[in-house]
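**Q** Sharing query-v7.cif here; it has mmCIF, C-alpha atoms.
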data_work
#
loop_
_atom_site.label_atom_id
_atom_site.label_comp_id
_atom_site.auth_asym_id
_atom_site.auth_seq_id
_atom_site.Cartn_x
_atom_site.Cartn_y
_atom_site.Cartn_z
CA MET A 1 178.24 155.47 25.63
CA THR A 2 178.69 156.80 22.11
CA VAL A 3 178.70 160.36 23.43
CA ALA A 4 181.26 159.44 26.07
CA LEU A 5 183.44 157.73 23.50
CA ALA A 6 183.37 160.68 21.13
CA GLY A 7 185.01 162.87 23.71
CA VAL A 8 187.94 160.59 24.39
CA THR A 9 188.95 159.00 21.11
CA ALA A 10 191.36 161.81 20.25
CA LEU A 11 192.88 162.87 23.53
CA PRO A 12 195.03 166.04 23.47
CA PRO A 13 198.74 165.74 24.22
CA GLN A 14 199.58 166.36 27.85
CA ALA A 15 201.60 169.40 28.87
CA ALA A 16 205.28 168.68 28.11
CA HIS A 17 208.12 169.23 30.52
CA ALA A 18 210.94 171.53 29.49
CA ALA A 19 213.09 168.58 28.40
CA ASP A 20 210.24 166.85 26.58
CA VAL A 21 210.89 167.20 22.86
CA LEU A 22 210.36 164.93 19.90
CA GLY A 23 213.40 163.92 17.91
CA GLN A 24 213.33 164.58 14.18
CA GLN A 25 212.62 160.97 13.15
CA VAL A 26 209.82 160.44 15.64
CA GLY A 27 208.39 163.92 15.07
CA THR A 28 208.31 163.51 11.31
CA ALA A 29 206.64 160.11 11.47
CA LEU A 30 204.02 161.32 13.92
CA GLN A 31 203.28 164.37 11.80
CA GLN A 32 202.65 162.02 8.88
CA ALA A 33 200.37 159.98 11.11
CA GLN A 34 198.48 163.11 12.16
CA THR A 35 197.97 164.15 8.54
CA ALA A 36 196.72 160.67 7.59
CA LEU A 37 194.41 160.57 10.58
CA ALA A 38 192.87 163.91 9.62
CA ALA A 39 192.18 162.46 6.17
CA HIS A 40 190.71 159.29 7.74
CA LYS A 41 193.47 157.22 6.16
CA TYR A 42 193.82 154.94 9.15
CA PRO A 43 196.13 152.22 7.74
CA GLN A 44 198.63 154.88 6.57
CA ALA A 45 198.39 156.60 9.94
CA MET A 46 199.10 153.37 11.82
CA THR A 47 202.04 152.58 9.49
CA ALA A 48 203.57 155.96 10.29
CA ILE A 49 203.09 155.33 14.02
CA ASP A 50 204.80 151.96 13.72
CA GLU A 51 207.72 153.67 11.94
CA ALA A 52 208.02 156.13 14.81
CA ASP A 53 207.97 153.25 17.30
CA LYS A 54 210.89 151.55 15.47
CA VAL A 55 213.23 154.45 16.11
CA ALA A 56 216.02 153.32 18.44
CA GLY A 57 216.82 155.12 21.66
CA LYS A 58 213.44 156.83 22.08
CA SER A 59 212.88 158.96 25.14
CA ASP A 60 210.06 158.25 27.58
CA TYR A 61 208.25 161.30 26.24
CA GLU A 62 208.53 160.06 22.65
CA SER A 63 207.18 156.62 23.59
CA TYR A 64 204.31 158.25 25.48
CA THR A 65 203.40 160.50 22.53
CA ILE A 66 203.51 157.54 20.14
CA GLU A 67 201.01 155.66 22.32
CA GLN A 68 198.77 158.75 22.42
CA MET A 69 198.69 158.83 18.66
CA ARG A 70 198.22 155.07 18.43
CA ALA A 71 195.23 155.25 20.79
CA ALA A 72 193.65 158.06 18.78
CA VAL A 73 194.03 156.27 15.44
CA ALA A 74 192.92 152.88 16.77
CA ALA A 75 189.90 154.39 18.54
CA GLN A 76 188.71 156.34 15.51
CA SER A 77 189.23 153.36 13.18
CA GLY A 78 187.46 150.96 15.52
CA ASN A 79 190.51 148.79 16.20
CA VAL A 80 189.47 147.90 19.74
CA PRO A 81 192.37 145.59 20.77
CA VAL A 82 195.05 148.06 19.66
CA ALA A 83 193.25 151.01 21.23
CA ILE A 84 192.85 149.22 24.55
CA SER A 85 196.51 148.17 24.55
CA ALA A 86 197.57 151.78 23.95
CA TYR A 87 195.21 153.14 26.59
CA ASP A 88 196.53 150.61 29.11
CA LYS A 89 200.05 151.96 28.61
CA LEU A 90 198.87 155.55 28.89
CA ILE A 91 196.85 154.82 32.03
CA ALA A 92 199.91 153.20 33.61
CA SER A 93 202.07 156.22 32.86
CA PRO A 94 202.65 158.83 35.58
CA ARG A 95 202.48 161.44 32.81
CA THR A 96 198.71 160.98 32.48
CA PRO A 97 196.61 163.12 34.86
CA ALA A 98 194.04 161.26 36.98
CA ALA A 99 191.07 162.86 35.19
CA THR A 100 192.46 161.83 31.81
CA LYS A 101 193.06 158.28 33.04
CA GLU A 102 189.35 158.06 33.87
CA GLN A 103 188.48 159.28 30.36
CA MET A 104 190.74 156.64 28.89
CA ALA A 105 189.26 153.87 31.02
CA LEU A 106 185.77 154.92 29.94
CA ALA A 107 186.94 154.94 26.32
CA GLU A 108 188.30 151.40 26.67
CA GLY A 109 185.10 150.06 28.15
CA SER A 110 182.89 151.94 25.69
CA MET A 111 184.81 150.72 22.67
CA ALA A 112 184.78 147.09 23.78
CA PHE A 113 181.06 147.27 24.55
CA THR A 114 180.24 148.96 21.22
CA ALA A 115 182.25 146.28 19.42
CA LYS A 116 180.20 143.64 21.34
CA ASN A 117 183.39 142.33 22.87
CA TYR A 118 181.69 141.85 26.21
CA PRO A 119 184.43 139.81 27.91
CA GLN A 120 186.90 142.59 27.14
CA ALA A 121 184.44 145.25 28.32
CA ILE A 122 184.00 143.33 31.59
CA ALA A 123 187.74 142.97 32.10
CA VAL A 124 188.37 146.67 31.51
CA THR A 125 185.52 147.95 33.67
CA GLU A 126 186.20 145.55 36.54
CA LYS A 127 189.84 146.66 36.58
CA TYR A 128 188.71 150.28 36.66
CA ILE A 129 186.21 149.72 39.48
CA LYS A 130 188.66 147.65 41.56
CA ALA A 131 191.11 150.55 41.27
CA GLY A 132 188.52 152.78 42.95
CA GLY A 133 186.85 154.31 39.89
CA LYS A 134 183.40 155.75 40.52
CA ASN A 135 182.11 156.74 37.07
CA PRO A 136 178.52 155.42 36.86
CA GLN A 137 178.87 154.92 33.09
CA MET A 138 181.49 152.26 33.77
CA LEU A 139 179.06 150.42 36.06
CA THR A 140 176.44 150.60 33.33
CA ILE A 141 178.87 149.10 30.82
CA LEU A 142 179.78 146.32 33.26
CA ILE A 143 176.18 145.45 34.12
CA GLN A 144 175.00 145.46 30.52
CA SER A 145 178.00 143.41 29.41
CA TYR A 146 177.18 140.75 31.98
CA TYR A 147 173.52 140.83 31.00
CA LEU A 148 174.19 140.52 27.26
CA GLN A 149 176.39 137.51 27.97
CA HIS A 150 173.47 135.99 29.89
CA ASP A 151 175.51 136.15 33.09
CA PHE A 152 172.42 137.20 35.01
CA ALA A 153 173.85 136.39 38.44
CA ASN A 154 176.74 138.85 38.09
CA ALA A 155 174.57 141.43 36.34
CA ALA A 156 172.11 141.26 39.25
CA ARG A 157 174.92 141.43 41.82
CA VAL A 158 176.44 144.61 40.41
CA GLN A 159 173.08 146.21 39.64
CA GLN A 160 171.84 145.50 43.17
CA ALA A 161 174.96 147.10 44.63
CA GLN A 162 174.44 150.21 42.52
CA ILE A 163 170.79 150.45 43.58
CA ASP A 164 171.65 149.93 47.25
CA ALA A 165 174.30 152.66 47.07
CA ALA A 166 171.79 155.11 45.58
CA VAL A 167 169.22 154.38 48.30
CA LYS A 168 171.83 154.59 51.07
CA ALA A 169 172.91 158.00 49.78
CA GLY A 170 169.35 159.27 50.08
CA GLY A 171 168.63 159.19 46.36
CA LYS A 172 166.57 156.81 44.31
CA PRO A 173 167.62 154.30 41.67
CA THR A 174 166.59 154.92 38.09
CA GLU A 175 163.65 153.07 36.64
CA ASN A 176 165.94 151.39 34.08
CA GLN A 177 168.24 150.10 36.82
CA LEU A 178 165.33 148.52 38.66
CA GLN A 179 163.87 147.08 35.47
CA LEU A 180 167.17 145.47 34.54
CA LEU A 181 167.52 143.99 38.03
CA ALA A 182 163.99 142.61 37.78
CA ALA A 183 164.80 141.06 34.40
CA CYS A 184 167.86 139.34 35.89
CA GLN A 185 165.93 138.08 38.90
CA ALA A 186 163.20 136.72 36.63
CA GLN A 187 165.82 134.78 34.66
CA LEU A 188 167.34 133.49 37.91
CA ARG A 189 163.89 132.59 39.31
CA ASP A 190 164.72 134.67 42.36
CA ASN A 191 161.10 135.24 43.35
CA ALA A 192 161.84 136.89 46.69
CA GLY A 193 164.30 139.30 45.11
CA LEU A 194 161.93 139.99 42.21
CA THR A 195 159.10 140.85 44.57
CA HIS A 196 161.32 143.28 46.47
CA THR A 197 162.43 144.93 43.23
CA TYR A 198 158.84 145.39 42.09
CA VAL A 199 158.03 146.89 45.48
CA GLN A 200 160.79 149.45 44.81
CA LEU A 201 159.54 150.08 41.27
CA ALA A 202 155.99 150.56 42.52
CA THR A 203 157.14 152.89 45.27
CA TYR A 204 159.59 155.05 43.33
CA TYR A 205 157.72 154.94 40.00
CA PRO A 206 154.07 154.30 40.93
CA LYS A 207 152.43 152.73 37.90
CA PRO A 208 149.49 150.30 37.97
CA ASP A 209 151.54 147.58 36.27
CA TYR A 210 154.18 147.66 38.99
CA TRP A 211 151.63 147.56 41.80
CA ALA A 212 149.88 144.67 40.09
CA GLN A 213 153.20 142.84 39.80
CA VAL A 214 153.89 143.34 43.52
CA VAL A 215 150.61 141.72 44.43
CA HIS A 216 151.06 138.98 41.83
CA SER A 217 154.56 138.19 43.13
CA VAL A 218 153.40 137.95 46.71
CA LEU A 219 150.36 135.87 45.78
CA SER A 220 152.55 133.61 43.65
CA ASN A 221 154.86 132.87 46.56
CA PRO A 222 154.41 129.11 47.08
CA ASN A 223 155.28 129.56 50.75
CA MET A 224 152.81 132.37 51.37
CA ALA A 225 151.08 132.02 54.73
CA PRO A 226 147.26 131.95 54.54
CA ALA A 227 147.26 134.30 57.55
CA LEU A 228 148.63 137.04 55.30
CA ARG A 229 145.54 137.30 53.11
CA LEU A 230 144.30 140.46 54.84
CA ASP A 231 147.79 141.99 54.69
CA ILE A 232 148.02 141.31 50.97
CA ASP A 233 144.65 142.95 50.42
CA ARG A 234 145.83 145.96 52.41
CA VAL A 235 148.77 146.23 50.03
CA ARG A 236 146.34 146.06 47.11
CA LEU A 237 144.24 148.78 48.73
CA GLU A 238 147.27 151.02 49.30
CA ALA A 239 148.37 150.38 45.71
CA GLY A 240 145.05 151.57 44.30
CA LEU A 241 144.19 148.14 42.91
CA VAL A 242 140.91 147.74 44.80
CA LYS A 243 138.24 149.03 42.44
CA THR A 244 134.90 147.35 43.20
CA SER A 245 132.44 147.37 46.08
CA ALA A 246 132.75 143.58 46.37
CA GLU A 247 136.48 143.89 46.95
CA TYR A 248 136.06 146.53 49.64
CA MET A 249 133.49 144.41 51.40
CA ASP A 250 135.64 141.28 51.20
CA ILE A 251 138.58 143.09 52.81
CA ALA A 252 136.39 144.56 55.54
CA GLU A 253 135.02 141.09 56.29
CA LEU A 254 138.57 139.71 56.50
CA ALA A 255 139.43 142.42 59.03
CA LEU A 256 136.34 141.48 61.01
CA GLN A 257 137.34 137.81 60.97
CA ALA A 258 140.83 138.79 62.14
CA GLY A 259 139.30 140.42 65.22
CA LEU A 260 140.04 143.96 64.01
CA PRO A 261 136.61 145.51 63.39
CA GLN A 262 137.88 149.10 63.54
CA LEU A 263 140.24 148.32 60.67
CA GLY A 264 137.28 146.89 58.74
CA LEU A 265 135.26 150.05 59.42
CA ASP A 266 138.16 152.24 58.29
CA ILE A 267 138.34 150.28 55.03
CA LEU A 268 134.59 150.64 54.43
CA ASN A 269 134.77 154.37 55.16
CA GLN A 270 137.62 154.64 52.65
CA GLY A 271 135.41 152.93 50.08
CA TYR A 272 132.56 155.35 50.73
CA ALA A 273 134.91 158.34 50.58
CA SER A 274 136.32 157.17 47.24
CA GLY A 275 132.83 156.89 45.78
CA VAL A 276 133.08 153.15 45.15
CA LEU A 277 130.67 152.13 47.90
CA GLY A 278 127.04 153.12 48.25
CA HIS A 279 126.26 153.70 44.58
CA ASP A 280 125.85 150.32 42.89
CA ALA A 281 123.63 147.26 43.22
CA ASN A 282 125.64 146.22 46.30
CA ALA A 283 124.74 149.41 48.18
CA PRO A 284 122.07 147.82 50.45
CA ARG A 285 124.39 144.95 51.34
CA THR A 286 127.26 147.37 51.94
CA ASP A 287 125.13 149.46 54.26
CA ARG A 288 124.13 146.35 56.22
CA LEU A 289 127.77 145.28 56.47
CA LYS A 290 128.80 148.70 57.72
CA ALA A 291 126.08 148.64 60.37
CA MET A 292 127.23 145.21 61.54
CA VAL A 293 130.90 146.26 61.62
CA THR A 294 130.04 149.45 63.48
CA GLN A 295 128.17 147.45 66.10
CA ASN A 296 131.10 145.06 66.38
CA VAL A 297 133.48 148.00 66.85
CA ALA A 298 131.44 149.23 69.80
CA GLN A 299 131.23 145.78 71.38
CA THR A 300 134.94 145.07 70.93
CA LYS A 301 135.90 148.45 72.34
CA ALA A 302 133.65 148.04 75.39
CA ALA A 303 135.07 144.61 76.20
CA LEU A 304 138.69 145.33 75.25
CA ASP A 305 140.07 145.73 78.78
CA THR A 306 138.55 142.41 79.79
CA THR A 307 139.71 140.74 76.57
CA ALA A 308 143.25 142.02 77.06
CA ALA A 309 143.35 140.90 80.68
CA GLN A 310 142.27 137.42 79.68
CA ALA A 311 144.72 137.17 76.76
CA THR A 312 147.33 134.54 77.58
CA THR A 313 148.69 133.61 74.15
CA GLY A 314 150.93 135.64 71.91
CA ASN A 315 148.29 135.76 69.16
CA ALA A 316 145.59 137.04 71.52
CA MET A 317 147.87 139.72 72.95
CA LEU A 318 148.85 140.91 69.48
CA THR A 319 145.21 141.23 68.41
CA ALA A 320 144.12 142.99 71.59
CA GLY A 321 147.09 145.32 71.43
CA TYR A 322 146.40 146.19 67.80
CA ASN A 323 142.82 147.01 68.75
CA TYR A 324 144.01 149.36 71.49
CA VAL A 325 146.12 151.21 68.89
CA LEU A 326 143.18 151.42 66.47
CA TYR A 327 141.02 152.80 69.27
CA GLY A 328 143.54 155.53 70.03
CA GLN A 329 145.37 154.00 73.00
CA ALA A 330 148.72 153.57 71.25
CA ASP A 331 151.06 153.29 74.23
CA LYS A 332 148.94 150.66 75.94
CA GLY A 333 148.38 148.74 72.73
CA LEU A 334 151.98 148.70 71.53
CA ALA A 335 153.22 147.55 74.92
CA LEU A 336 150.75 144.66 74.85
CA MET A 337 151.76 143.71 71.29
CA LYS A 338 155.43 143.57 72.34
CA GLN A 339 154.46 141.27 75.19
CA GLY A 340 152.59 139.12 72.68
CA LEU A 341 155.69 138.84 70.48
CA ALA A 342 157.62 137.53 73.48
CA LYS A 343 154.94 134.87 74.03
CA ALA A 344 155.79 132.82 70.92
CA PRO A 345 152.88 133.65 68.58
CA THR A 346 152.08 131.24 65.74
CA ASP A 347 154.33 133.21 63.36
CA VAL A 348 156.67 135.74 64.94
CA ASN A 349 157.35 137.43 61.62
CA ILE A 350 153.66 138.04 60.96
CA GLY A 351 153.50 139.38 64.51
CA ARG A 352 156.38 141.77 63.80
CA LEU A 353 154.65 142.87 60.60
CA HIS A 354 151.49 143.73 62.53
CA LEU A 355 153.45 145.50 65.27
CA GLY A 356 155.15 147.60 62.59
CA LEU A 357 151.82 148.47 61.01
CA ALA A 358 150.40 149.39 64.44
CA GLN A 359 153.41 151.63 65.13
CA ALA A 360 152.87 153.31 61.77
CA ALA A 361 149.17 153.82 62.60
CA ALA A 362 150.28 155.41 65.89
CA GLY A 363 152.51 157.84 64.02
CA GLN A 364 155.75 156.24 65.24
CA LYS A 365 157.41 156.16 61.82
CA ALA A 366 161.01 155.44 62.87
CA ASP A 367 159.97 152.62 65.21
CA ALA A 368 157.65 151.21 62.56
CA ILE A 369 160.44 151.10 59.95
CA ALA A 370 162.83 149.44 62.42
CA THR A 371 160.25 146.79 63.30
CA LEU A 372 159.27 146.14 59.70
CA ASP A 373 162.93 145.83 58.73
CA SER A 374 163.26 143.05 61.34
CA VAL A 375 160.68 140.88 59.56
CA GLU A 376 162.34 137.80 58.07
CA GLY A 377 161.38 134.54 56.41
CA THR A 378 160.15 133.45 53.00
CA ASN A 379 156.40 133.18 53.61
CA GLY A 380 155.58 136.62 52.19
CA ALA A 381 155.67 138.59 55.45
CA ARG A 382 159.06 140.13 54.66
CA ASP A 383 157.93 141.22 51.18
CA ILE A 384 154.85 142.92 52.61
CA ALA A 385 156.92 144.52 55.38
CA GLN A 386 159.39 145.95 52.87
CA PHE A 387 156.51 147.38 50.86
CA TRP A 388 155.43 149.35 53.93
CA VAL A 389 159.03 150.37 54.73
CA LEU A 390 159.36 151.93 51.31
CA LYS A 391 155.94 153.54 51.64
CA LEU A 392 156.86 155.03 55.00
CA ASN A 393 160.22 156.26 53.72
CA ALA A 394 158.54 157.88 50.75
CA ALA A 395 155.93 159.63 52.92
CA PRO A 396 156.58 163.26 53.89
CA ALA A 397 157.66 163.87 57.44
CA ALA A 398 154.93 164.78 59.90
CA HIS A 399 154.80 168.40 61.09
#
Please lay out the structure from this file as structure tokens.
**A**
Amino acid sequence: MTVALAGVTALPPQAAHAADVLGQQVGTALQQAQTALAAHKYPQAMTAIDEADKVAGKSDYESYTIEQMRAAVAAQSGNVPVAISAYDKLIASPRTPAATKEQMALAEGSMAFTAKNYPQAIAVTEKYIKAGGKNPQMLTILIQSYYLQHDFANAARVQQAQIDAAVKAGGKPTENQLQLLAACQAQLRDNAGLTHTYVQLATYYPKPDYWAQVVHSVLSNPNMAPALRLDIDRVRLEAGLVKTSAEYMDIAELALQAGLPQLGLDILNQGYASGVLGHDANAPRTDRLKAMVTQNVAQTKAALDTTAAQATTGNAMLTAGYNYVLYGQADKGLALMKQGLAKAPTDVNIGRLHLGLAQAAAGQKADAIATLDSVEGTNGARDIAQFWVLKLNAAPAAH
């Protein structure tokens, strides 16, 4: 902001029209003001400006030039109210080019913010933005002014809009923008919003602390459905937070209990590939678990057609369909999962989450994102779904 202010505190006079001339009285007084300003004698400079303003019968050009000089002196001397008043008049004048008006608006907001006059900074920047201004520095001034006044609701509202605009345009929000939004949401106790913001931080700026906060936020959700335990652990696994053989085995066992042995086997294989499994005191137990899961995979696969045919509830159809996808029969499995969603499963949003994950496993990225975006509710399913949406969006396109 200081850099921006430095460039606009002494704005050059605009190109004069042929008839635009300064009368002797006004010209002399303004020359005295210019000399005093150059010597940093601000009170004398402002006195000379006031003398010029007292001249009767001034032309529009003379009044405009007086306000230019008043703005320059007030800005350099730190007289925020006078500078803002002068800039307001200059901005309202048709003599000021559009680009210069934007500089002046930025100067107004910057000066008020630097002077810690946050209400004034908010008033100036809101007026600028409502008039269609797009300078991101003005948004920064507005957001920080709200935040420093402890108006966290408005700070979060404007910061969220700026982040959403960046994402919609195909870019990514800055880390500072996301951190400030998270700070506001923490103050507002907006746990759902805070979780989503940490998901974005962890996705765009992958740091262990952010991933840990994502998991902590989801686990701290008082409405979290117990049925999401495996899904939370899959987030932890994707986030690189699963470090021990015991954790890998626990997640594989949860997958087995959920009726998805192939998923459990995939998780164990990932643990072996990473070097975590098979090398510590748990190695014999891990090997036995893998043998059991492998056997269960074979049994489940052999009986899957019968299991699917006998599935009459939404939950059973979703599980059987997911297994078809994991066994490489994506079309058949996804169709069955969609039928299961129409059969009123215990939690339709958890069902949508699993359908989205199955579509992602089948390589149907666009469909997966659409399905995951449809997940609603406050039981944690939406937070987990949005984590995977951001992960899928961040992944390179398949070739």
**Q** Atom CA of A:Asp373 and atom CA of A:Ala342, how far apart in Å?
**A**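 Distance between the two atoms: 17.7 Å.
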**Q** Counting all atoms listed in the file, which of A:Asn323, A:Gln144, A:Asn379, A:Asn393 gets nearest to A:Leu336?
**A**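 For A:Leu336, the nearest of the candidates is A:Asn323.
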**Q** Just say which residues the PyMOL selection byres ((chain A and resi 272) around 12) picks in this file, as a list of chain:residue names.
**A**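 Checked against the file, the PyMOL selection byres ((chain A and resi 272) around 12) matches A:Lys243, A:Thr244, A:Ser245, A:Tyr248, A:Met249, A:Leu265, A:Asp266, A:Ile267, A:Leu268, A:Asn269, A:Gln270, A:Gly271, A:Ala273, A:Ser274, A:Gly275, A:Val276, A:Leu277, A:Gly278, A:His279, A:Asp280, A:Ala283, A:Thr286, A:Asp287, A:Lys290.
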**Q** Could you state the separation of atom CA of A:Asp164 and atom CA of A:Gln177 in Å, given to one decimal place?
**A**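 Distance reported for this atom pair: 11.0 Å.
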**Q** Write out as a PyMOL selection string each polymer residue whose atoms come within 10 Å of A:Leu304, counting all atoms listed in the file; drop sequence neighbours fewer than 2 positions from it.
**A** chain A and resi 298-302+306-310+320-321+323-324+327
**Q** As an exercise, work out the distance from atom CA of A:Gly170 to atom CA of A:Ile369 in Å and give it to one decimal place.
**A**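 Computing the Euclidean distance for atom CA of A:Gly170 and atom CA of A:Ile369 yields 15.6 Å.
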**Q** Taking only C-alpha atoms into account, name the residue in A:Leu254, A:Val80, A:Ala366, A:Met224 that is nearest to A:Arg382.
**A**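 Residue with the minimum atom-to-atom distance to A:Arg382: A:Met224.
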**Q** When you look at A:Gln24 with a cut-off of 12 Å (counting only C-alpha atoms), what residues show up, excluding the ones that are within fewer than 4 positions of it in the same chain? I need them as JSON, numbers by chain.
**A** {"A": [28, 29, 30, 31, 52, 55, 58, 62]}
**Q** Kindly save the residues from that selection, with C-alpha atoms included, as a short mmCIF file (atom, residue, chain, number, x, y, z; two decimals), in the frame of the given file.
**A**
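That gives us selection-v6.cif:
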data_model
loop_
_atom_site.label_atom_id
_atom_site.label_comp_id
_atom_site.auth_asym_id
_atom_site.auth_seq_id
_atom_site.Cartn_x
_atom_site.Cartn_y
_atom_site.Cartn_z
CA THR A 28 208.31 163.51 11.31
CA ALA A 29 206.64 160.11 11.47
CA LEU A 30 204.02 161.32 13.92
CA GLN A 31 203.28 164.37 11.80
CA ALA A 52 208.02 156.13 14.81
CA VAL A 55 213.23 154.45 16.11
CA LYS A 58 213.44 156.83 22.08
CA GLU A 62 208.53 160.06 22.65
#
**Q** Could you tell me which residues the PyMOL selection byres ((chain A and resi 44) around 12) returns for this structure, as a list in words?
**A** Ala29, Leu30, Gln31, Gln32, Ala33, Gln34, Thr35, Ala36, Leu37, Ala38, Ala39, His40, Lys41, Tyr42, Pro43, Ala45, Met46, Thr47, Ala48, Ile49, Asp50, Glu51, Arg70, Val73, Ala74 and Ser77 of chain A
**Q** To test your reading of the syntax: which residues would the PyMOL selection byres ((chain A and resi 354) around 10) return for the file shown? Reply as an MDAnalysis selection string.
**A** chainID A and resid 231 318:319 322 337 348:353 355:360 368 371:372 381 385
**Q** Using only C-alpha atoms, which residue out of A:Ala361, A:Pro261, A:Ala344, A:Asn176 lies closest to A:Ala291?
**A**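 Among the listed residues, the smallest separation from A:Ala291 belongs to A:Pro261.
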**Q** Rank A:Ala107, A:Ile384, A:Ala131, A:Leu219 by their smallest atom-to-atom distance to A:Ala92, using only C-alpha atoms, and report the top residue only.
**A** A:Ala131
